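This is model.txt. It holds compact mmCIF, N, CA and C atoms and all ligand atoms.
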# COMPACT_ATOMS: atom_id res chain seq x y z
N MET C 1 5.05 11.88 6.07
CA MET C 1 3.66 11.81 6.44
C MET C 1 3.03 10.50 5.98
N LEU C 2 3.37 10.07 4.78
CA LEU C 2 2.81 8.82 4.26
C LEU C 2 3.22 7.63 5.11
N GLY C 3 4.46 7.62 5.54
CA GLY C 3 4.94 6.53 6.40
C GLY C 3 4.21 6.49 7.71
N THR C 4 4.04 7.66 8.33
CA THR C 4 3.34 7.74 9.62
C THR C 4 1.89 7.32 9.47
N LEU C 5 1.23 7.81 8.42
CA LEU C 5 -0.17 7.47 8.18
C LEU C 5 -0.33 5.97 7.93
N SER C 6 0.57 5.38 7.16
CA SER C 6 0.52 3.94 6.90
C SER C 6 0.65 3.14 8.18
N GLU C 7 1.57 3.57 9.02
CA GLU C 7 1.80 2.85 10.27
C GLU C 7 0.59 2.98 11.19
N LEU C 8 0.00 4.17 11.26
CA LEU C 8 -1.18 4.37 12.11
C LEU C 8 -2.34 3.50 11.62
N CYS C 9 -2.54 3.43 10.31
CA CYS C 9 -3.63 2.62 9.76
C CYS C 9 -3.37 1.13 9.99
N LEU C 10 -2.11 0.75 9.94
CA LEU C 10 -1.76 -0.65 10.14
C LEU C 10 -2.16 -1.11 11.54
N HIS C 11 -2.08 -0.22 12.52
CA HIS C 11 -2.37 -0.58 13.90
C HIS C 11 -3.78 -0.19 14.34
N ALA C 12 -4.54 0.54 13.51
CA ALA C 12 -5.90 0.96 13.86
C ALA C 12 -6.85 -0.23 13.81
N GLN C 13 -7.89 -0.14 14.58
CA GLN C 13 -8.89 -1.22 14.64
C GLN C 13 -10.23 -0.73 14.09
N PRO C 14 -10.99 -1.63 13.45
CA PRO C 14 -12.30 -1.25 12.93
C PRO C 14 -13.24 -0.85 14.07
N ASN C 15 -14.16 0.06 13.78
CA ASN C 15 -15.11 0.48 14.80
C ASN C 15 -16.47 -0.22 14.56
N ALA C 16 -17.48 0.17 15.33
CA ALA C 16 -18.80 -0.47 15.25
C ALA C 16 -19.41 -0.34 13.85
N THR C 17 -19.19 0.78 13.20
CA THR C 17 -19.75 0.97 11.85
C THR C 17 -19.15 -0.01 10.86
N HIS C 18 -17.85 -0.24 10.94
CA HIS C 18 -17.21 -1.21 10.05
C HIS C 18 -17.83 -2.61 10.27
N HIS C 19 -18.03 -2.97 11.53
CA HIS C 19 -18.61 -4.28 11.84
C HIS C 19 -20.07 -4.35 11.39
N LEU C 20 -20.78 -3.22 11.48
CA LEU C 20 -22.17 -3.18 11.00
C LEU C 20 -22.22 -3.45 9.49
N LEU C 21 -21.31 -2.87 8.75
CA LEU C 21 -21.26 -3.10 7.30
C LEU C 21 -21.04 -4.58 6.99
N VAL C 22 -20.15 -5.21 7.73
CA VAL C 22 -19.89 -6.64 7.53
C VAL C 22 -21.15 -7.44 7.84
N HIS C 23 -21.83 -7.09 8.95
CA HIS C 23 -23.05 -7.79 9.35
C HIS C 23 -24.13 -7.64 8.27
N LEU C 24 -24.30 -6.42 7.76
CA LEU C 24 -25.31 -6.19 6.71
C LEU C 24 -24.96 -6.97 5.44
N PHE C 25 -23.67 -7.04 5.13
CA PHE C 25 -23.24 -7.81 3.95
C PHE C 25 -23.55 -9.30 4.14
N GLN C 26 -23.26 -9.82 5.32
CA GLN C 26 -23.51 -11.24 5.59
C GLN C 26 -25.00 -11.57 5.53
N LEU C 27 -25.86 -10.60 5.90
CA LEU C 27 -27.31 -10.79 5.82
C LEU C 27 -27.84 -10.51 4.42
N LYS C 28 -26.92 -10.19 3.49
CA LYS C 28 -27.25 -9.85 2.10
C LYS C 28 -28.15 -8.61 2.01
N LEU C 29 -27.99 -7.71 2.98
CA LEU C 29 -28.71 -6.44 2.96
C LEU C 29 -27.85 -5.32 2.39
N LEU C 30 -26.59 -5.62 2.19
CA LEU C 30 -25.66 -4.65 1.60
C LEU C 30 -25.12 -5.26 0.31
N CYS C 31 -25.52 -4.67 -0.81
CA CYS C 31 -25.07 -5.20 -2.11
C CYS C 31 -23.65 -4.73 -2.42
N ARG C 32 -23.39 -3.48 -2.15
CA ARG C 32 -22.07 -2.92 -2.47
C ARG C 32 -21.85 -1.68 -1.62
N SER C 33 -20.63 -1.50 -1.20
CA SER C 33 -20.30 -0.27 -0.47
C SER C 33 -19.14 0.42 -1.17
N TYR C 34 -19.11 1.71 -1.03
CA TYR C 34 -18.05 2.53 -1.60
C TYR C 34 -17.42 3.34 -0.47
N THR C 35 -16.14 3.46 -0.51
CA THR C 35 -15.48 4.28 0.51
C THR C 35 -14.40 5.15 -0.12
N GLN C 36 -14.23 6.30 0.48
CA GLN C 36 -13.13 7.19 0.09
C GLN C 36 -11.96 7.04 1.06
N ASN C 37 -12.20 6.28 2.14
CA ASN C 37 -11.15 6.09 3.14
C ASN C 37 -10.04 5.20 2.59
N VAL C 38 -8.84 5.43 3.03
CA VAL C 38 -7.69 4.65 2.58
C VAL C 38 -7.11 3.81 3.71
N ASP C 39 -7.85 3.73 4.83
CA ASP C 39 -7.32 3.06 6.02
C ASP C 39 -7.47 1.54 6.00
N ASP C 40 -8.28 1.01 5.09
CA ASP C 40 -8.47 -0.43 4.93
C ASP C 40 -9.14 -1.09 6.14
N LEU C 41 -9.82 -0.30 6.96
CA LEU C 41 -10.47 -0.86 8.15
C LEU C 41 -11.69 -1.70 7.79
N ASP C 42 -12.34 -1.43 6.67
CA ASP C 42 -13.48 -2.26 6.24
C ASP C 42 -13.02 -3.70 6.00
N ALA C 43 -11.93 -3.85 5.29
CA ALA C 43 -11.39 -5.19 5.03
C ALA C 43 -10.90 -5.84 6.31
N LYS C 44 -10.31 -5.05 7.19
CA LYS C 44 -9.82 -5.58 8.46
C LYS C 44 -10.98 -6.10 9.31
N ALA C 45 -12.16 -5.47 9.15
CA ALA C 45 -13.36 -5.92 9.88
C ALA C 45 -13.92 -7.19 9.27
N GLY C 46 -13.54 -7.48 8.02
CA GLY C 46 -14.01 -8.69 7.36
C GLY C 46 -14.89 -8.46 6.16
N LEU C 47 -15.03 -7.23 5.73
CA LEU C 47 -15.84 -6.93 4.55
C LEU C 47 -15.05 -7.35 3.31
N PRO C 48 -15.58 -8.31 2.55
CA PRO C 48 -14.83 -8.78 1.38
C PRO C 48 -14.89 -7.77 0.24
N GLN C 49 -13.89 -7.82 -0.61
CA GLN C 49 -13.86 -6.92 -1.76
C GLN C 49 -14.81 -7.42 -2.85
N MET C 50 -14.97 -8.75 -2.94
CA MET C 50 -15.84 -9.34 -3.97
C MET C 50 -16.91 -10.18 -3.28
N ASP C 51 -18.08 -10.29 -3.93
CA ASP C 51 -19.11 -11.16 -3.37
C ASP C 51 -18.94 -12.58 -3.90
N ASP C 52 -19.85 -13.47 -3.54
CA ASP C 52 -19.74 -14.88 -3.96
C ASP C 52 -19.86 -15.06 -5.47
N ASN C 53 -20.42 -14.09 -6.14
CA ASN C 53 -20.58 -14.16 -7.60
C ASN C 53 -19.47 -13.43 -8.35
N GLY C 54 -18.45 -13.00 -7.62
CA GLY C 54 -17.32 -12.33 -8.26
C GLY C 54 -17.59 -10.87 -8.60
N ARG C 55 -18.65 -10.30 -8.03
CA ARG C 55 -18.94 -8.88 -8.27
C ARG C 55 -18.34 -8.05 -7.13
N TRP C 56 -18.04 -6.81 -7.44
CA TRP C 56 -17.49 -5.92 -6.43
C TRP C 56 -18.48 -5.75 -5.29
N ALA C 57 -18.04 -6.02 -4.08
CA ALA C 57 -18.87 -5.81 -2.90
C ALA C 57 -18.42 -4.57 -2.14
N HIS C 58 -17.14 -4.29 -2.22
CA HIS C 58 -16.58 -3.14 -1.51
C HIS C 58 -15.58 -2.45 -2.42
N VAL C 59 -15.87 -1.22 -2.75
CA VAL C 59 -15.03 -0.48 -3.68
C VAL C 59 -14.28 0.62 -2.94
N THR C 60 -12.96 0.58 -2.99
CA THR C 60 -12.15 1.63 -2.38
C THR C 60 -11.81 2.63 -3.48
N LEU C 61 -12.52 3.74 -3.46
CA LEU C 61 -12.42 4.71 -4.56
C LEU C 61 -11.02 5.28 -4.74
N HIS C 62 -10.31 5.43 -3.64
CA HIS C 62 -8.96 6.00 -3.72
C HIS C 62 -7.89 4.98 -3.36
N GLY C 63 -8.23 3.68 -3.43
CA GLY C 63 -7.28 2.65 -3.05
C GLY C 63 -7.14 2.61 -1.55
N SER C 64 -6.11 1.96 -1.08
CA SER C 64 -5.87 1.93 0.36
C SER C 64 -4.38 2.04 0.62
N LEU C 65 -4.05 2.47 1.81
CA LEU C 65 -2.63 2.55 2.15
C LEU C 65 -2.01 1.17 2.15
N LYS C 66 -2.83 0.16 2.47
CA LYS C 66 -2.33 -1.21 2.44
C LYS C 66 -1.85 -1.59 1.04
N SER C 67 -2.52 -1.03 0.04
CA SER C 67 -2.14 -1.36 -1.33
C SER C 67 -0.78 -0.77 -1.71
N LEU C 68 -0.27 0.11 -0.86
CA LEU C 68 1.08 0.62 -1.11
C LEU C 68 2.11 -0.50 -1.00
N TYR C 69 1.83 -1.43 -0.06
CA TYR C 69 2.75 -2.53 0.12
C TYR C 69 2.65 -3.47 -1.08
N ASN C 70 3.72 -4.11 -1.37
CA ASN C 70 3.80 -5.03 -2.50
C ASN C 70 3.52 -4.33 -3.83
N ARG C 71 3.72 -3.04 -3.87
CA ARG C 71 3.67 -2.30 -5.11
C ARG C 71 5.10 -2.00 -5.53
N THR C 72 5.26 -1.48 -6.70
CA THR C 72 6.61 -1.17 -7.14
C THR C 72 6.98 0.25 -6.77
N LEU C 73 8.22 0.41 -6.47
CA LEU C 73 8.81 1.70 -6.17
C LEU C 73 9.84 1.95 -7.25
N MET C 74 9.80 3.12 -7.88
CA MET C 74 10.69 3.38 -9.01
C MET C 74 11.74 4.44 -8.65
N CYS C 75 12.97 4.18 -9.04
CA CYS C 75 14.06 5.13 -8.84
C CYS C 75 13.83 6.34 -9.75
N ASP C 76 13.95 7.54 -9.18
CA ASP C 76 13.76 8.77 -9.95
C ASP C 76 14.87 8.99 -10.97
N ILE C 77 16.03 8.35 -10.75
CA ILE C 77 17.18 8.59 -11.62
C ILE C 77 17.25 7.59 -12.78
N CYS C 78 17.20 6.28 -12.48
CA CYS C 78 17.40 5.28 -13.54
C CYS C 78 16.13 4.49 -13.86
N SER C 79 15.05 4.72 -13.14
CA SER C 79 13.75 4.06 -13.35
C SER C 79 13.74 2.58 -12.98
N LYS C 80 14.76 2.10 -12.27
CA LYS C 80 14.73 0.71 -11.79
C LYS C 80 13.60 0.60 -10.78
N THR C 81 12.89 -0.53 -10.82
CA THR C 81 11.79 -0.71 -9.88
C THR C 81 12.14 -1.79 -8.87
N CYS C 82 11.54 -1.70 -7.69
CA CYS C 82 11.64 -2.73 -6.68
C CYS C 82 10.32 -2.75 -5.92
N MET C 83 10.10 -3.80 -5.15
CA MET C 83 8.86 -3.90 -4.39
C MET C 83 8.94 -3.01 -3.16
N LEU C 84 7.86 -2.26 -2.93
CA LEU C 84 7.77 -1.40 -1.75
C LEU C 84 7.50 -2.28 -0.53
N THR C 85 8.30 -2.12 0.50
CA THR C 85 8.17 -2.94 1.70
C THR C 85 7.93 -2.07 2.92
N LEU C 86 7.69 -2.73 4.03
CA LEU C 86 7.51 -2.01 5.29
C LEU C 86 8.79 -1.26 5.66
N ASP C 87 9.95 -1.82 5.29
CA ASP C 87 11.22 -1.13 5.54
C ASP C 87 11.27 0.22 4.80
N HIS C 88 10.76 0.23 3.56
CA HIS C 88 10.73 1.49 2.81
C HIS C 88 9.84 2.51 3.51
N ILE C 89 8.68 2.05 3.97
CA ILE C 89 7.76 2.95 4.67
C ILE C 89 8.44 3.52 5.91
N THR C 90 9.17 2.66 6.61
CA THR C 90 9.90 3.13 7.80
C THR C 90 10.93 4.19 7.42
N MET C 91 11.60 3.98 6.30
CA MET C 91 12.58 4.96 5.83
C MET C 91 11.90 6.28 5.49
N PHE C 92 10.75 6.21 4.79
CA PHE C 92 10.01 7.43 4.44
C PHE C 92 9.63 8.18 5.71
N LYS C 93 9.20 7.40 6.72
CA LYS C 93 8.78 7.99 7.99
C LYS C 93 9.94 8.74 8.64
N ASP C 94 11.15 8.21 8.45
CA ASP C 94 12.33 8.85 9.02
C ASP C 94 12.88 9.95 8.12
N GLY C 95 12.14 10.26 7.04
CA GLY C 95 12.56 11.33 6.15
C GLY C 95 13.66 10.92 5.19
N MET C 96 13.84 9.61 5.02
CA MET C 96 14.89 9.12 4.12
C MET C 96 14.25 8.48 2.89
N TYR C 97 15.03 8.31 1.86
CA TYR C 97 14.58 7.66 0.64
C TYR C 97 15.51 6.48 0.38
N PRO C 98 14.94 5.31 0.04
CA PRO C 98 15.80 4.14 -0.17
C PRO C 98 16.81 4.35 -1.28
N GLU C 99 18.00 3.80 -1.10
CA GLU C 99 19.02 3.90 -2.13
C GLU C 99 18.72 2.90 -3.24
N CYS C 100 19.03 3.27 -4.45
CA CYS C 100 18.80 2.39 -5.60
C CYS C 100 20.06 1.55 -5.82
N THR C 101 19.90 0.23 -5.83
CA THR C 101 21.06 -0.65 -5.98
C THR C 101 21.72 -0.48 -7.35
N ARG C 102 20.91 -0.24 -8.39
CA ARG C 102 21.49 -0.06 -9.72
C ARG C 102 22.34 1.21 -9.78
N CYS C 103 21.81 2.30 -9.23
CA CYS C 103 22.57 3.56 -9.24
C CYS C 103 23.85 3.42 -8.43
N ILE C 104 23.81 2.70 -7.32
CA ILE C 104 25.00 2.49 -6.50
C ILE C 104 26.03 1.68 -7.29
N GLU C 105 25.55 0.58 -7.94
CA GLU C 105 26.47 -0.27 -8.73
C GLU C 105 27.08 0.51 -9.88
N GLU C 106 26.26 1.30 -10.58
CA GLU C 106 26.78 2.08 -11.71
C GLU C 106 27.75 3.14 -11.24
N GLY C 107 27.49 3.72 -10.09
CA GLY C 107 28.41 4.71 -9.51
C GLY C 107 29.75 4.08 -9.18
N GLU C 108 29.70 2.87 -8.59
CA GLU C 108 30.94 2.17 -8.24
C GLU C 108 31.71 1.79 -9.51
N THR C 109 30.98 1.38 -10.56
CA THR C 109 31.62 1.02 -11.83
C THR C 109 32.32 2.25 -12.42
N ARG C 110 31.67 3.42 -12.36
CA ARG C 110 32.27 4.65 -12.88
C ARG C 110 33.54 5.00 -12.10
N ILE C 111 33.47 4.83 -10.79
CA ILE C 111 34.65 5.14 -9.96
C ILE C 111 35.81 4.22 -10.34
N ILE C 112 35.51 2.92 -10.50
CA ILE C 112 36.55 1.95 -10.86
C ILE C 112 37.13 2.27 -12.24
N SER C 113 36.25 2.58 -13.22
CA SER C 113 36.76 2.85 -14.57
C SER C 113 37.56 4.14 -14.62
N HIS C 114 37.19 5.16 -13.82
CA HIS C 114 37.97 6.41 -13.78
C HIS C 114 39.31 6.20 -13.09
N SER C 115 39.34 5.28 -12.11
CA SER C 115 40.61 5.05 -11.41
C SER C 115 41.62 4.32 -12.29
N LYS C 116 41.12 3.64 -13.35
CA LYS C 116 42.02 2.92 -14.27
C LYS C 116 42.60 3.85 -15.33
N LEU C 117 42.05 5.08 -15.45
CA LEU C 117 42.53 6.00 -16.48
C LEU C 117 43.87 6.58 -16.14
ZN ZN C 201 18.49 4.12 -9.78

Translate the structure of the given file into C-alpha cells.
Amino acid sequence: MLGTLSELCLHAQPNATHHLLVHLFQLKLLCRSYTQNVDDLDAKAGLPQMDDNGRWAHVTLHGSLKSLYNRTLMCDICSKTCMLTLDHITMFKDGMYPECTRCIEEGETRIISHSKL
C-alpha cells in the first residue's frame, strides 16, 4: 500500500487550493500553513517550507511520502542500513522486500565455512 500511495502522490498534481496557498504566501498574507497531508502537493505547487527569514512557512505535521525517499532503510535481521530508493518502493508495491547485502554475504560466508568442515 505504501508503494502504491507513494507512486500515486508522485504523479498527482496540485489543485487550485494548493496554488491559492502559494499566491497568499507570495502576497505575504499567509504567515504559516500546517498540513496533515503527506502527498507533498503544497511543495509541488511552489509553497516553500521556510520563509525568507528562515522561519517555518509550511509545516507538514506527519511528514510527507516524498520524505521516504533518501531516508534510511534498516534490515530487520542485522540492522544494516541503506538509502531508500524508488526501486525499493517499487519492490514494496510488488509485495517484496529488498534483500540485505550484508545478510547475503554472511550467509555465503557461512556456507563456504561449513563446506570446508
Ligand atoms: Zn541484514

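The space separating atom C of Val59 in chain C from CA of Ile89 in chain C comes to 23.4 Å.
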
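A straight line drawn from CA of Arg32 in chain C to atom N of Leu65 in chain C is 19.3 Å long.
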
Could you pull out the residues sitting within 5 Å of ligand ZN 201 (chain C), using only N, CA and C atoms and all ligand atoms, and write them as an mmCIF file with N, CA and C atoms, in the coordinates of the input?
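Saved file out.cif follows:
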data_model
loop_
_atom_site.group_PDB
_atom_site.id
_atom_site.type_symbol
_atom_site.label_atom_id
_atom_site.label_comp_id
_atom_site.auth_asym_id
_atom_site.auth_seq_id
_atom_site.Cartn_x
_atom_site.Cartn_y
_atom_site.Cartn_z
ATOM 1 N N CYS C 75 12.970 4.180 -9.040
ATOM 2 C CA CYS C 75 14.060 5.130 -8.840
ATOM 3 C C CYS C 75 13.830 6.340 -9.750
ATOM 4 N N ILE C 77 16.030 8.350 -10.750
ATOM 5 C CA ILE C 77 17.180 8.590 -11.620
ATOM 6 C C ILE C 77 17.250 7.590 -12.780
ATOM 7 N N CYS C 78 17.200 6.280 -12.480
ATOM 8 C CA CYS C 78 17.400 5.280 -13.540
ATOM 9 C C CYS C 78 16.130 4.490 -13.860
ATOM 10 N N SER C 79 15.050 4.720 -13.140
ATOM 11 C CA SER C 79 13.750 4.060 -13.350
ATOM 12 C C SER C 79 13.740 2.580 -12.980
ATOM 13 N N LYS C 80 14.760 2.100 -12.270
ATOM 14 C CA LYS C 80 14.730 0.710 -11.790
ATOM 15 C C LYS C 80 13.600 0.600 -10.780
ATOM 16 N N CYS C 100 19.030 3.270 -4.450
ATOM 17 C CA CYS C 100 18.800 2.390 -5.600
ATOM 18 C C CYS C 100 20.060 1.550 -5.820
ATOM 19 N N ARG C 102 20.910 -0.240 -8.390
ATOM 20 C CA ARG C 102 21.490 -0.060 -9.720
ATOM 21 C C ARG C 102 22.340 1.210 -9.780
ATOM 22 N N CYS C 103 21.810 2.300 -9.230
ATOM 23 C CA CYS C 103 22.570 3.560 -9.240
ATOM 24 C C CYS C 103 23.850 3.420 -8.430
#

Spatial neighbours of Gln26 in chain C, max dist 12 Å, only C-alpha atoms, sep filter under 3 positions, as a ChimeraX atom specification
/C:19-23,29-32,46-48,51-52,57

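Counting from atom C of Pro98 in chain C, the distance to atom C of Gly3 in chain C is 15.6 Å.
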
Identify, with DSSP run on backbone atoms, the residues in chain C assigned to alpha helix (DSSP H), and express the list as a PyMOL selection string.
chain C and resi 2-11+16-26+41-45+86-93+101-115

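Of the residues listed (C:Ser64, C:Thr72, C:Thr17, C:Asn53), C:Ser64 shows the shortest atom-to-atom separation from Asp40 in chain C; distances use only C-alpha atoms.
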
Extract, using all atoms listed in the file, all DNA, RNA and protein residues at most 7 Å from Gln13 in chain C, discarding same-chain residues fewer than 3 positions from it, and format them as an MDAnalysis selection string.
chainID C and resid 9:10 41

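For the residues C:Val38, C:Thr4, C:Asp87, C:Ser33, ranking by smallest atom-to-atom distance to Trp56 in chain C using only N, CA and C atoms places C:Ser33 first.
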
For range 56-59 of chain C, take all atoms listed in the file, fit an axis-aligned box around them, add 4 Å to each of the six sides, then output centre and edge lengths in Å rounded to one decimal, as AutoDock Vina command-line options.
--center_x -16.6 --center_y -3.1 --center_z -4.5 --size_x 12.6 --size_y 15.4 --size_z 13.9

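Selecting strand (DSSP E or B) from the backbone DSSP output for range 1-79 of chain C yields Ser33, Tyr34, Thr35, Met50, Trp56, His58, Val59, Thr60, Thr72, Leu73 and Met74 of chain C.
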
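Compared by their closest atoms to Tyr34 in chain C, and using only N, CA and C atoms, the residues C:His18, C:Lys116, C:His58, C:His11 rank with C:His58 nearest.
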